[in-house]
Every structure is written in C-alpha cells, then in structure tokens.
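Novice: Below is coords.cif; it holds mmCIF, C-alpha atoms.
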data_structure
loop_
_atom_site.group_PDB
_atom_site.id
_atom_site.type_symbol
_atom_site.label_atom_id
_atom_site.label_comp_id
_atom_site.auth_asym_id
_atom_site.auth_seq_id
_atom_site.Cartn_x
_atom_site.Cartn_y
_atom_site.Cartn_z
ATOM 1 C CA MET A 24 -49.615 30.585 7.834
ATOM 2 C CA PRO A 25 -46.150 29.225 7.215
ATOM 3 C CA SER A 26 -45.961 25.765 5.757
ATOM 4 C CA PHE A 27 -43.180 23.237 6.217
ATOM 5 C CA ASP A 28 -42.248 21.051 3.361
ATOM 6 C CA THR A 29 -40.408 18.286 5.171
ATOM 7 C CA LYS A 30 -39.083 16.885 1.908
ATOM 8 C CA LYS A 31 -37.648 20.262 0.926
ATOM 9 C CA ILE A 32 -36.158 20.813 4.372
ATOM 10 C CA GLY A 33 -34.613 17.362 4.206
ATOM 11 C CA GLU A 34 -33.032 18.208 0.875
ATOM 12 C CA ILE A 35 -31.613 21.470 2.204
ATOM 13 C CA HIS A 36 -30.253 19.656 5.219
ATOM 14 C CA ARG A 37 -28.581 17.015 3.063
ATOM 15 C CA GLU A 38 -27.188 19.673 0.742
ATOM 16 C CA LEU A 39 -25.686 21.561 3.672
ATOM 17 C CA HIS A 40 -24.054 18.449 5.016
ATOM 18 C CA SER A 41 -23.011 16.999 1.700
ATOM 19 C CA HIS A 42 -19.867 19.102 1.821
ATOM 20 C CA LEU A 43 -18.970 17.734 5.223
ATOM 21 C CA PRO A 44 -16.295 15.059 4.845
ATOM 22 C CA SER A 45 -16.958 11.590 6.239
ATOM 23 C CA ASP A 46 -16.143 10.792 9.860
ATOM 24 C CA PRO A 47 -12.854 8.996 9.049
ATOM 25 C CA ALA A 48 -11.841 11.817 6.701
ATOM 26 C CA LEU A 49 -12.382 14.288 9.540
ATOM 27 C CA ARG A 50 -10.402 12.100 11.947
ATOM 28 C CA VAL A 51 -7.485 12.041 9.502
ATOM 29 C CA LYS A 52 -7.772 15.782 9.011
ATOM 30 C CA ALA A 53 -7.640 16.257 12.798
ATOM 31 C CA LEU A 54 -4.562 14.049 13.082
ATOM 32 C CA GLU A 55 -2.776 15.593 10.134
ATOM 33 C CA SER A 56 -3.368 19.173 11.288
ATOM 34 C CA LEU A 57 -2.148 18.377 14.807
ATOM 35 C CA LEU A 58 0.950 16.536 13.553
ATOM 36 C CA VAL A 59 1.880 19.472 11.337
ATOM 37 C CA GLU A 60 1.046 22.073 13.981
ATOM 38 C CA LYS A 61 3.251 20.339 16.575
ATOM 39 C CA GLY A 62 6.103 20.215 14.077
ATOM 40 C CA LEU A 63 6.202 16.405 14.023
ATOM 41 C CA VAL A 64 5.786 16.183 10.272
ATOM 42 C CA ALA A 65 5.921 18.685 7.439
ATOM 43 C CA GLN A 66 2.813 19.157 5.325
ATOM 44 C CA GLU A 67 4.994 18.853 2.207
ATOM 45 C CA SER A 68 6.239 15.492 3.418
ATOM 46 C CA ILE A 69 2.658 14.171 3.502
ATOM 47 C CA ASP A 70 1.702 15.784 0.194
ATOM 48 C CA ASN A 71 4.838 14.525 -1.558
ATOM 49 C CA TRP A 72 4.290 10.964 -0.368
ATOM 50 C CA ILE A 73 0.728 10.978 -1.696
ATOM 51 C CA GLU A 74 1.783 12.371 -5.046
ATOM 52 C CA MET A 75 4.622 9.869 -5.369
ATOM 53 C CA TYR A 76 2.580 6.814 -4.453
ATOM 54 C CA ALA A 77 -0.648 7.805 -6.168
ATOM 55 C CA GLU A 78 0.983 8.704 -9.453
ATOM 56 C CA ARG A 79 4.699 8.136 -9.847
ATOM 57 C CA ILE A 80 6.017 5.094 -8.012
ATOM 58 C CA GLY A 81 4.806 1.787 -9.315
ATOM 59 C CA PRO A 82 5.907 -1.773 -10.091
ATOM 60 C CA LYS A 83 7.764 -0.712 -13.231
ATOM 61 C CA ARG A 84 10.631 0.137 -10.912
ATOM 62 C CA GLY A 85 10.895 -3.452 -9.729
ATOM 63 C CA ALA A 86 10.550 -4.621 -13.335
ATOM 64 C CA GLN A 87 13.591 -2.563 -14.333
ATOM 65 C CA VAL A 88 15.593 -4.080 -11.480
ATOM 66 C CA ILE A 89 14.633 -7.640 -12.488
ATOM 67 C CA ALA A 90 15.309 -6.959 -16.177
ATOM 68 C CA ARG A 91 18.806 -5.781 -15.367
ATOM 69 C CA ALA A 92 19.432 -8.829 -13.208
ATOM 70 C CA TRP A 93 18.383 -11.057 -16.119
ATOM 71 C CA CYS A 94 20.804 -9.302 -18.469
ATOM 72 C CA ASP A 95 23.782 -8.636 -16.218
ATOM 73 C CA PRO A 96 25.184 -11.560 -14.183
ATOM 74 C CA ASP A 97 27.207 -9.240 -11.942
ATOM 75 C CA TYR A 98 24.122 -7.206 -11.130
ATOM 76 C CA TYR A 99 22.179 -10.422 -10.529
ATOM 77 C CA ALA A 100 24.823 -11.550 -8.039
ATOM 78 C CA ARG A 101 24.669 -8.202 -6.240
ATOM 79 C CA LEU A 102 20.871 -8.278 -6.185
ATOM 80 C CA MET A 103 20.826 -11.726 -4.630
ATOM 81 C CA GLU A 104 23.546 -10.753 -2.172
ATOM 82 C CA ASP A 105 21.950 -7.517 -0.957
ATOM 83 C CA ALA A 106 18.916 -6.259 -2.858
ATOM 84 C CA GLY A 107 18.633 -3.162 -0.657
ATOM 85 C CA GLN A 108 22.042 -2.075 -1.946
ATOM 86 C CA ALA A 109 21.505 -3.194 -5.541
ATOM 87 C CA ILE A 110 18.354 -1.085 -6.054
ATOM 88 C CA LYS A 111 20.414 1.983 -5.196
ATOM 89 C CA ASP A 112 21.877 1.725 -8.730
ATOM 90 C CA PHE A 113 18.483 3.024 -9.869
ATOM 91 C CA GLY A 114 18.005 5.415 -6.958
ATOM 92 C CA TYR A 115 15.039 3.332 -5.787
ATOM 93 C CA GLU A 116 16.029 2.964 -2.162
ATOM 94 C CA GLY A 117 13.491 3.856 0.506
ATOM 95 C CA HIS A 118 13.259 3.382 4.231
ATOM 96 C CA ALA A 119 10.952 0.419 3.721
ATOM 97 C CA THR A 120 13.412 -1.303 1.401
ATOM 98 C CA GLU A 121 16.609 -0.645 3.300
ATOM 99 C CA HIS A 122 16.615 -4.366 4.030
ATOM 100 C CA LEU A 123 15.329 -6.119 0.951
ATOM 101 C CA LYS A 124 15.860 -9.739 -0.001
ATOM 102 C CA ALA A 125 15.502 -10.982 -3.566
ATOM 103 C CA VAL A 126 14.255 -14.555 -3.876
ATOM 104 C CA GLN A 127 14.697 -16.414 -7.162
ATOM 105 C CA ASN A 128 12.078 -18.645 -8.725
ATOM 106 C CA THR A 129 13.470 -21.755 -10.374
ATOM 107 C CA ALA A 130 12.053 -24.777 -12.164
ATOM 108 C CA PHE A 131 11.657 -26.418 -8.750
ATOM 109 C CA VAL A 132 10.953 -23.492 -6.421
ATOM 110 C CA HIS A 133 8.202 -20.905 -6.443
ATOM 111 C CA ASN A 134 8.375 -17.979 -4.023
ATOM 112 C CA LEU A 135 5.361 -16.193 -2.590
ATOM 113 C CA VAL A 136 5.487 -13.038 -0.468
ATOM 114 C CA VAL A 137 3.029 -12.061 2.237
ATOM 115 C CA CYS A 138 2.931 -9.962 5.398
ATOM 116 C CA THR A 139 0.977 -11.993 7.926
ATOM 117 C CA LEU A 140 1.065 -9.191 10.510
ATOM 118 C CA CYS A 141 -0.143 -6.203 8.542
ATOM 119 C CA SER A 142 0.929 -5.011 5.084
ATOM 120 C CA CYS A 143 4.747 -4.674 4.948
ATOM 121 C CA TYR A 144 5.706 -4.409 1.277
ATOM 122 C CA PRO A 145 8.675 -3.145 -0.783
ATOM 123 C CA PHE A 146 6.908 0.120 -1.639
ATOM 124 C CA SER A 147 9.877 1.879 -3.210
ATOM 125 C CA VAL A 148 10.235 -0.754 -5.930
ATOM 126 C CA LEU A 149 6.644 -1.948 -6.333
ATOM 127 C CA GLY A 150 4.563 1.104 -5.430
ATOM 128 C CA MET A 151 1.409 0.736 -3.348
ATOM 129 C CA SER A 152 0.483 -2.802 -2.469
ATOM 130 C CA PRO A 153 -2.651 -4.223 -4.090
ATOM 131 C CA ILE A 154 -5.605 -4.320 -1.716
ATOM 132 C CA TRP A 155 -5.788 -8.125 -1.803
ATOM 133 C CA TYR A 156 -2.235 -8.205 -0.398
ATOM 134 C CA ARG A 157 -3.601 -6.386 2.668
ATOM 135 C CA SER A 158 -6.739 -8.505 3.030
ATOM 136 C CA ALA A 159 -7.110 -10.702 6.106
ATOM 137 C CA ALA A 160 -7.784 -13.704 3.884
ATOM 138 C CA TYR A 161 -4.555 -13.412 1.881
ATOM 139 C CA ARG A 162 -2.476 -12.703 4.979
ATOM 140 C CA ALA A 163 -3.816 -15.804 6.706
ATOM 141 C CA ARG A 164 -4.133 -18.188 3.788
ATOM 142 C CA ALA A 165 -0.875 -17.493 1.924
ATOM 143 C CA VAL A 166 0.977 -19.309 4.697
ATOM 144 C CA LYS A 167 -1.563 -22.020 5.504
ATOM 145 C CA GLU A 168 -2.579 -23.009 1.989
ATOM 146 C CA PRO A 169 -0.311 -21.283 -0.522
ATOM 147 C CA ARG A 170 -1.162 -23.653 -3.357
ATOM 148 C CA ALA A 171 -4.870 -22.953 -2.990
ATOM 149 C CA VAL A 172 -4.207 -19.208 -2.951
ATOM 150 C CA LEU A 173 -1.978 -19.503 -6.010
ATOM 151 C CA ALA A 174 -4.670 -21.499 -7.799
ATOM 152 C CA GLU A 175 -7.092 -18.610 -7.219
ATOM 153 C CA PHE A 176 -4.597 -16.379 -8.995
ATOM 154 C CA GLY A 177 -4.481 -18.864 -11.846
ATOM 155 C CA VAL A 178 -1.172 -20.472 -10.879
ATOM 156 C CA THR A 179 -1.229 -24.255 -10.705
ATOM 157 C CA LEU A 180 2.055 -25.736 -9.639
ATOM 158 C CA PRO A 181 3.177 -29.307 -10.256
ATOM 159 C CA GLU A 182 3.818 -31.229 -7.025
ATOM 160 C CA ALA A 183 7.537 -31.231 -7.839
ATOM 161 C CA VAL A 184 7.647 -27.454 -7.470
ATOM 162 C CA LYS A 185 8.139 -26.391 -3.879
ATOM 163 C CA VAL A 186 6.435 -23.261 -2.596
ATOM 164 C CA ARG A 187 8.423 -21.008 -0.315
ATOM 165 C CA VAL A 188 6.396 -18.399 1.525
ATOM 166 C CA TRP A 189 8.249 -15.348 2.786
ATOM 167 C CA ASP A 190 6.680 -13.392 5.636
ATOM 168 C CA SER A 191 7.615 -9.720 5.331
ATOM 169 C CA THR A 192 8.319 -7.608 8.379
ATOM 170 C CA ALA A 193 9.034 -3.959 9.047
ATOM 171 C CA GLU A 194 12.738 -4.875 9.010
ATOM 172 C CA LEU A 195 12.922 -7.208 6.024
ATOM 173 C CA ARG A 196 10.919 -7.259 2.808
ATOM 174 C CA TYR A 197 11.064 -9.481 -0.254
ATOM 175 C CA LEU A 198 11.140 -9.221 -4.017
ATOM 176 C CA VAL A 199 10.514 -12.293 -6.132
ATOM 177 C CA VAL A 200 12.786 -12.692 -9.151
ATOM 178 C CA PRO A 201 10.641 -14.528 -11.706
ATOM 179 C CA GLU A 202 12.215 -16.887 -14.217
ATOM 180 C CA ARG A 203 13.130 -15.265 -17.495
ATOM 181 C CA PRO A 204 10.775 -16.630 -20.141
ATOM 182 C CA ARG A 205 12.107 -18.595 -23.080
ATOM 183 C CA GLY A 206 12.069 -16.695 -26.332
ATOM 184 C CA THR A 207 13.431 -13.483 -24.838
ATOM 185 C CA GLU A 208 17.053 -14.093 -25.782
ATOM 186 C CA GLY A 209 18.635 -10.919 -27.099
ATOM 187 C CA TRP A 210 15.895 -8.667 -25.714
ATOM 188 C CA SER A 211 16.878 -5.282 -24.267
ATOM 189 C CA GLU A 212 16.361 -4.440 -20.599
ATOM 190 C CA ALA A 213 13.504 -2.136 -21.592
ATOM 191 C CA GLN A 214 11.784 -4.879 -23.593
ATOM 192 C CA LEU A 215 12.179 -7.301 -20.716
ATOM 193 C CA ALA A 216 10.974 -4.807 -18.108
ATOM 194 C CA ALA A 217 7.809 -4.339 -20.153
ATOM 195 C CA ILE A 218 6.726 -7.960 -19.619
ATOM 196 C CA ILE A 219 7.479 -8.157 -15.878
ATOM 197 C CA THR A 220 4.326 -7.719 -13.830
ATOM 198 C CA ARG A 221 3.767 -6.634 -10.256
ATOM 199 C CA ASP A 222 2.172 -9.945 -9.317
ATOM 200 C CA SER A 223 5.166 -11.893 -10.642
ATOM 201 C CA MET A 224 7.359 -9.952 -8.201
ATOM 202 C CA ILE A 225 4.988 -10.784 -5.304
ATOM 203 C CA GLY A 226 4.743 -14.381 -6.463
ATOM 204 C CA THR A 227 1.039 -14.588 -7.287
ATOM 205 C CA GLN A 228 1.963 -14.999 -10.935
ATOM 206 C CA ARG A 229 4.568 -17.475 -12.201
ATOM 207 C CA ASP A 230 4.720 -17.518 -15.979
ATOM 208 C CA LEU A 231 5.251 -14.259 -17.790
ATOM 209 C CA SER A 232 3.697 -13.512 -21.119
ATOM 210 C CA LEU A 233 5.874 -12.276 -23.947
ATOM 211 C CA GLU A 234 3.344 -9.548 -24.589
ATOM 212 C CA PRO A 235 4.162 -6.246 -22.846
ATOM 213 C CA ALA A 236 2.327 -5.906 -19.533
ATOM 214 C CA MET B 2 -10.336 -13.072 -0.092
ATOM 215 C CA ASN B 3 -10.613 -10.021 -2.245
ATOM 216 C CA ALA B 4 -10.517 -11.058 -5.871
ATOM 217 C CA PRO B 5 -7.207 -10.583 -7.648
ATOM 218 C CA ASP B 6 -7.295 -7.127 -9.155
ATOM 219 C CA ASP B 7 -6.063 -6.056 -12.541
ATOM 220 C CA PRO B 8 -2.273 -5.883 -12.190
ATOM 221 C CA LEU B 9 -2.031 -4.052 -15.472
ATOM 222 C CA ALA B 10 -4.332 -1.214 -14.453
ATOM 223 C CA PRO B 11 -2.665 2.170 -14.847
ATOM 224 C CA LEU B 12 -1.271 3.952 -11.838
ATOM 225 C CA GLY B 13 -3.219 6.708 -10.218
ATOM 226 C CA HIS B 14 -6.152 4.641 -8.963
ATOM 227 C CA ASP B 15 -4.598 3.179 -5.880
ATOM 228 C CA PHE B 16 -6.526 5.295 -3.398
ATOM 229 C CA LYS B 17 -10.305 5.282 -3.540
ATOM 230 C CA GLU B 18 -10.623 8.085 -0.997
ATOM 231 C CA PRO B 19 -8.191 10.915 -0.311
ATOM 232 C CA TRP B 20 -8.168 10.041 3.381
ATOM 233 C CA HIS B 21 -6.901 6.546 2.560
ATOM 234 C CA ALA B 22 -3.750 8.105 1.141
ATOM 235 C CA GLN B 23 -3.533 10.673 3.925
ATOM 236 C CA VAL B 24 -3.565 8.095 6.688
ATOM 237 C CA LEU B 25 -0.698 6.087 5.174
ATOM 238 C CA ALA B 26 1.177 9.262 4.285
ATOM 239 C CA GLY B 27 0.855 10.464 7.884
ATOM 240 C CA ALA B 28 2.379 7.238 9.204
ATOM 241 C CA GLN B 29 5.189 7.268 6.645
ATOM 242 C CA ALA B 30 5.952 10.927 7.363
ATOM 243 C CA LEU B 31 6.207 10.156 11.087
ATOM 244 C CA ILE B 32 8.550 7.250 10.339
ATOM 245 C CA ARG B 33 10.734 9.327 8.043
ATOM 246 C CA ALA B 34 10.911 12.133 10.602
ATOM 247 C CA GLY B 35 12.143 9.618 13.175
ATOM 248 C CA HIS B 36 9.080 9.958 15.424
ATOM 249 C CA LEU B 37 7.731 6.482 14.741
ATOM 250 C CA ASP B 38 9.600 3.204 14.744
ATOM 251 C CA PRO B 39 8.622 1.074 11.696
ATOM 252 C CA THR B 40 8.241 -2.025 13.858
ATOM 253 C CA THR B 41 5.949 -0.198 16.282
ATOM 254 C CA TRP B 42 3.855 0.918 13.330
ATOM 255 C CA ALA B 43 3.657 -2.604 11.884
ATOM 256 C CA GLU B 44 2.687 -4.067 15.259
ATOM 257 C CA THR B 45 0.070 -1.399 15.992
ATOM 258 C CA LEU B 46 -1.431 -1.747 12.518
ATOM 259 C CA GLY B 47 -1.372 -5.542 12.823
ATOM 260 C CA ALA B 48 -3.183 -5.357 16.169
ATOM 261 C CA ALA B 49 -5.792 -2.968 14.743
ATOM 262 C CA LEU B 50 -6.378 -5.335 11.802
ATOM 263 C CA ARG B 51 -6.759 -8.317 14.129
ATOM 264 C CA GLU B 52 -9.164 -6.338 16.288
ATOM 265 C CA ALA B 53 -11.294 -5.430 13.260
ATOM 266 C CA GLU B 54 -11.322 -9.042 12.133
ATOM 267 C CA ALA B 55 -12.268 -10.267 15.624
ATOM 268 C CA ALA B 56 -15.092 -7.717 15.687
ATOM 269 C CA GLY B 57 -16.465 -9.216 12.478
ATOM 270 C CA ALA B 58 -15.570 -6.312 10.181
ATOM 271 C CA PRO B 59 -15.771 -7.280 6.494
ATOM 272 C CA ASP B 60 -12.473 -8.069 4.768
ATOM 273 C CA THR B 61 -12.503 -4.931 2.634
ATOM 274 C CA GLU B 62 -10.365 -1.983 1.665
ATOM 275 C CA GLU B 63 -12.446 0.280 3.937
ATOM 276 C CA THR B 64 -11.777 -1.989 6.919
ATOM 277 C CA TYR B 65 -8.035 -1.918 6.203
ATOM 278 C CA TYR B 66 -7.911 1.866 6.093
ATOM 279 C CA LEU B 67 -10.127 2.264 9.170
ATOM 280 C CA ALA B 68 -7.690 -0.010 11.023
ATOM 281 C CA ALA B 69 -4.772 2.049 9.730
ATOM 282 C CA LEU B 70 -6.514 5.212 10.935
ATOM 283 C CA SER B 71 -7.108 3.708 14.352
ATOM 284 C CA ALA B 72 -3.436 2.642 14.483
ATOM 285 C CA LEU B 73 -2.269 6.124 13.539
ATOM 286 C CA GLU B 74 -4.453 7.617 16.278
ATOM 287 C CA GLN B 75 -2.801 5.243 18.736
ATOM 288 C CA VAL B 76 0.795 6.027 17.796
ATOM 289 C CA ALA B 77 0.282 9.789 17.487
ATOM 290 C CA PRO B 78 1.145 11.608 20.696
ATOM 291 C CA PHE B 79 -2.324 13.067 21.247
ATOM 292 C CA GLY B 80 -5.020 12.076 23.684
ATOM 293 C CA ALA B 81 -8.499 11.071 22.577
ATOM 294 C CA GLU B 82 -9.949 14.354 23.852
ATOM 295 C CA THR B 83 -7.527 16.425 21.788
ATOM 296 C CA LEU B 84 -8.318 14.403 18.669
ATOM 297 C CA THR B 85 -12.068 14.646 19.205
ATOM 298 C CA ALA B 86 -11.918 18.379 19.865
ATOM 299 C CA ARG B 87 -9.902 18.935 16.707
ATOM 300 C CA LYS B 88 -12.247 16.760 14.660
ATOM 301 C CA THR B 89 -15.238 18.732 15.952
ATOM 302 C CA ALA B 90 -13.461 21.978 15.102
ATOM 303 C CA TRP B 91 -12.922 20.796 11.510
ATOM 304 C CA ALA B 92 -16.542 19.677 11.194
ATOM 305 C CA GLU B 93 -17.694 23.113 12.365
ATOM 306 C CA ALA B 94 -15.294 24.789 9.954
ATOM 307 C CA TYR B 95 -16.749 22.769 7.077
ATOM 308 C CA ARG B 96 -20.316 23.598 8.111
ATOM 309 C CA ARG B 97 -19.729 27.329 8.289
ATOM 310 C CA THR B 98 -17.617 27.572 5.109
ATOM 311 C CA PRO B 99 -19.570 28.245 1.916
ATOM 312 C CA HIS B 100 -19.091 25.547 -0.697
ATOM 313 C CA GLY B 101 -16.065 26.222 -2.879
ATOM 314 C CA LYS B 102 -14.239 28.373 -0.336
ATOM 315 C CA PRO B 103 -11.124 27.087 1.413
ATOM 316 C CA VAL B 104 -11.926 25.508 4.763
ATOM 317 C CA VAL B 105 -9.775 26.811 7.598
ATOM 318 C CA LEU B 106 -9.980 26.389 11.333
#
Represent the structure from my file as structure tokens, please.

Specialist:
Amino acid sequence: MPSFDTKKIGEIHRELHSHLPSDPALRVKALESLLVEKGLVAQESIDNWIEMYAERIGPKRGAQVIARAWCDPDYYARLMEDAGQAIKDFGYEGHATEHLKAVQNTAFVHNLVVCTLCSCYPFSVLGMSPIWYRSAAYRARAVKEPRAVLAEFGVTLPEAVKVRVWDSTAELRYLVVPERPRGTEGWSEAQLAAIITRDSMIGTQRDLSLEPA
Amino acid sequence: MNAPDDPLAPLGHDFKEPWHAQVLAGAQALIRAGHLDPTTWAETLGAALREAEAAGAPDTEETYYLAALSALEQVAPFGAETLTARKTAWAEAYRRTPHGKPVVL
C-alpha cells in the first residue's frame, strides 16, 4: 500500500518552487522581455545601466567635481553658473543631470536636497540614491521640519544658519557644494575628493572630516 | 524614516534584489530611447508612491521598488492582460526548466 509522507511531499514541492522567482521579479521579467521584443529598449541598454549603477557610478564623481571647484575659482564660477555644463569637463553628464544646479553652503546657509514627489536625484554624479532619500518620511519631512531631519543625521545647526531646502524635479536636480574644511590648504584635488562624502553633497552632512571617506 | 545608512559603504550593494535594479533600468532605458518623458515617469512614480503610502504600505525599500514596478507597468504600452499572460509564461518556463539550465520562453 503506498504511503504519503506529507512532510516529504511538502519539501519536494518547496524545492520545485524555490527556483521560481518572486511575483515582482516575474512581473519585471515580463515587462523587460516585452519591451525588448517590441524593440522599445535594447537588452544591452538595461544590462549596461545595471552594471554602471551597481558597480561603477558612485558619489566619488561628485566629490571630484566639488574638489575641483574648491581648487579652481574659474571652475567654481562655471559650476555655480551651470553645473550641468561644468560636469561635462569630467564626462559625467547624463540625461538626469542635463539641468543641474549647484548650491553652496556658507557659514550662514545650509542646503538640503530632497525630491518630494518621488526620487529625482543627480544619478550621474552621485550614483544610486540612498534608500532613505526615497523614503516617504524623508520626502515629507525634509521640507516640513528640515532641522529635525538634519538632527537625525547628526547635524545640529545654530539658529543663525538658515536652511534652504531644494525640491528636485525631473527637469532640475541639485548638488550641494559643502564648505571646504579648514586645514586643507595646499591639498591636491585627489586628497580633497577623498574627504567629500555623498551625504555632504545631498546636505544631510555639514562638516567634513579630514580623514578620507 | 529609514535610518541613515552608511555613506561610506562600498559600491556594489545598492540593489538588494536583481529585480530592483531591473525595474529602474527599464524605466531609464525607455527614457533614453525617447519612449518615456522623464516628467511623466516622475509623476507616475510619485503617484504610485502616494498610493502605497495611502494604502498603509510600510515605508521600506521593498515598498519603493513595488511602487516603481507598478509605475513602469503603467507607462509601458502593454495592457494588463498582455503583462499577466507573459508573467504566467515565464512562471511556467521556470517550472519546467531543470535547475541550472537557462530559462527561456
């Protein structure tokens, strides 16, 4: 008489289905295969983007831009005038940063960048946005209570320092130019770039450490 | 709010799941190919995020990417039936393909 080991059958069933991707993964697979099949996008275009943003493009690009601006007054002027153009010196332009505005922190102004609508971000100079940047809480609170948000990131601003919050859009994105720390006189661009962090270019960090990031 | 992450963490860990990267890559590829207006994408994604929030979804990475997936499904020029049929076809392909072999439709 055959016997049924329900535990064993359950294990076989789970094993069979363990190779089945999750529902969202299958939905993406369906979309991707249809988009490629209809000639709307090239498979290489998708694969290249993933490789670039998972491994190659990161905030060190923005750090190089800021370091140059700190060292070269002409470049600084060009960056403040039209950052989308200025980053082309490094070949860092991208469709998302065609219109990019650099905003300078000073002793009396601190800049903070958010996208209240979704997650617009200067990808081609900062890489993928951190997940907190895309959270509903950050998107809502950065505008309503920027000082409280900054405090959670460890930034406490004196009352005399004004906070300017910049709301990114699909058409215009922002890059914060942090203040150059004291004690870095005579440093090379490479040395300076090493201490410039991603968060300082979003505005959730204000003071930079002299230790390489 | 999600806790501040480690800004000094090395690159290469930005996507927890391959489909997270694929969904954003799909949208960016459509934009670059001129089939999707960046503003339309931002608005559709924004609406999907608001909808998730209104539905009480937790404020997590998974919720963000599920909203992005829903937005991509909306802007892609395919009906729901086409998408469901293709998803079912992939699921069947995975079920019938022995582990380790390439999965094809």

Novice: Using all atoms listed in the file, find the one residue out of A:Ala183, A:Val137, A:Val59, A:Met103 that sits nearest to Ala77 (chain B).

Specialist: A:Val59

Novice: Between B:Leu31, B:Ala56, B:Ala68, B:Ala94, single out the one closest to chain A, counting only C-alpha atoms.

Specialist: B:Leu31

Novice: Run the PyMOL selection byres ((chain A) within 7 of (chain B)) against the file shown and list the residues it catches, as a count of residues only.

Specialist: 32

Novice: With all atoms of region 75-92 of chain A from the file as input, state the centre and edge lengths in Å to one decimal of the axis-aligned box that has 8 Å extra on each side, as AutoDock Vina command-line options.

Specialist:
--center_x 9.4 --center_y 0.5 --center_z -10.3 --size_x 36.1 --size_y 34.7 --size_z 27.7

Novice: By how many Å are CA of Glu234 (chain A) and CA of Thr129 (chain A) apart?

Specialist: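 Atom-to-atom, CA of Glu234 (chain A) and CA of Thr129 (chain A) are spaced 21.3 Å apart.
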
Novice: Using only C-alpha atoms, find the one residue out of A:Ala165, A:Leu102, A:Leu231, A:Cys143 that sits nearest to Ala217 (chain A).

Specialist: A:Leu231

Novice: Using CA of Arg91 (chain A) and CA of Ala106 (chain A) as the two end points, give the distance in Å to one decimal.

Specialist: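 Computed distance, CA of Arg91 (chain A) to CA of Ala106 (chain A), equals 12.5 Å.
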
Novice: What is the distance, in Å and to one decimal place, between CA of Tyr197 (chain A) and CA of Leu123 (chain A)?

Specialist: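 Spanning CA of Tyr197 (chain A) to CA of Leu123 (chain A) is a straight-line distance of 5.6 Å.
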
Novice: Which polymer residues have any atom within 9 Å of an atom of Ile225 (chain A), counting all atoms listed in the file, with same-chain residues fewer than 5 positions away left out, as an MDAnalysis selection string?

Specialist: chainID A and resid 134:137 197:200

Novice: Please write the residues from the selection above to a file, keeping C-alpha atoms, as a PDB file, in the frame of the given file.

Specialist:
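Just written: part00.pdb:
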ATOM      1  CA  ASN A 134       8.375 -17.979  -4.023  1.00  0.00           C
ATOM      2  CA  LEU A 135       5.361 -16.193  -2.590  1.00  0.00           C
ATOM      3  CA  VAL A 136       5.487 -13.038  -0.468  1.00  0.00           C
ATOM      4  CA  VAL A 137       3.029 -12.061   2.237  1.00  0.00           C
ATOM      5  CA  TYR A 197      11.064  -9.481  -0.254  1.00  0.00           C
ATOM      6  CA  LEU A 198      11.140  -9.221  -4.017  1.00  0.00           C
ATOM      7  CA  VAL A 199      10.514 -12.293  -6.132  1.00  0.00           C
ATOM      8  CA  VAL A 200      12.786 -12.692  -9.151  1.00  0.00           C
TER       9      VAL A 200
END

Novice: Using all atoms listed in the file, which residue out of A:Gln214, A:Ser191, A:Thr179, A:Asn128 lies closest to Tyr144 (chain A)?

Specialist: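 Comparing A:Gln214, A:Ser191, A:Thr179, A:Asn128 against Tyr144 (chain A), the winner is A:Ser191.
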
Novice: Residues within 12 Å of His133 (chain A), please, as a ChimeraX atom specification. Count all atoms listed in the file; anything in the same chain fewer than 5 positions from it doesn't count.

Specialist: /A:126-128,169-170,173,178-189,199-202,223-230

Novice: Skip Gly107 (chain A) itself and residues of its chain fewer than 4 positions away, then list as a compact mmCIF listing (two decimals) with C-alpha atoms, in the frame of the given file all residues within 8 Å of it, counting all atoms listed in the file.

Specialist:
# COMPACT_ATOMS: atom_id res chain seq x y z
CA LEU A 102 20.87 -8.28 -6.18
CA LYS A 111 20.41 1.98 -5.20
CA GLU A 116 16.03 2.96 -2.16
CA THR A 120 13.41 -1.30 1.40
CA GLU A 121 16.61 -0.64 3.30
CA HIS A 122 16.61 -4.37 4.03
CA LEU A 123 15.33 -6.12 0.95
CA LYS A 124 15.86 -9.74 0.00

Novice: Expand the PyMOL selection byres ((chain A and resi 94-101) around 10) into the explicit residue set it covers here, and present it as a ChimeraX atom specification.

Specialist: /A:88-93,102-110,112,125,200,203,208-212,215

Novice: Those selected residues, please, written with C-alpha atoms and delivered as an mmCIF file, keeping the file's coordinate frame.

Specialist:
data_model
loop_
_atom_site.group_PDB
_atom_site.id
_atom_site.type_symbol
_atom_site.label_atom_id
_atom_site.label_comp_id
_atom_site.auth_asym_id
_atom_site.auth_seq_id
_atom_site.Cartn_x
_atom_site.Cartn_y
_atom_site.Cartn_z
ATOM 1 C CA VAL A 88 15.593 -4.080 -11.480
ATOM 2 C CA ILE A 89 14.633 -7.640 -12.488
ATOM 3 C CA ALA A 90 15.309 -6.959 -16.177
ATOM 4 C CA ARG A 91 18.806 -5.781 -15.367
ATOM 5 C CA ALA A 92 19.432 -8.829 -13.208
ATOM 6 C CA TRP A 93 18.383 -11.057 -16.119
ATOM 7 C CA LEU A 102 20.871 -8.278 -6.185
ATOM 8 C CA MET A 103 20.826 -11.726 -4.630
ATOM 9 C CA GLU A 104 23.546 -10.753 -2.172
ATOM 10 C CA ASP A 105 21.950 -7.517 -0.957
ATOM 11 C CA ALA A 106 18.916 -6.259 -2.858
ATOM 12 C CA GLY A 107 18.633 -3.162 -0.657
ATOM 13 C CA GLN A 108 22.042 -2.075 -1.946
ATOM 14 C CA ALA A 109 21.505 -3.194 -5.541
ATOM 15 C CA ILE A 110 18.354 -1.085 -6.054
ATOM 16 C CA ASP A 112 21.877 1.725 -8.730
ATOM 17 C CA ALA A 125 15.502 -10.982 -3.566
ATOM 18 C CA VAL A 200 12.786 -12.692 -9.151
ATOM 19 C CA ARG A 203 13.130 -15.265 -17.495
ATOM 20 C CA GLU A 208 17.053 -14.093 -25.782
ATOM 21 C CA GLY A 209 18.635 -10.919 -27.099
ATOM 22 C CA TRP A 210 15.895 -8.667 -25.714
ATOM 23 C CA SER A 211 16.878 -5.282 -24.267
ATOM 24 C CA GLU A 212 16.361 -4.440 -20.599
ATOM 25 C CA LEU A 215 12.179 -7.301 -20.716
#
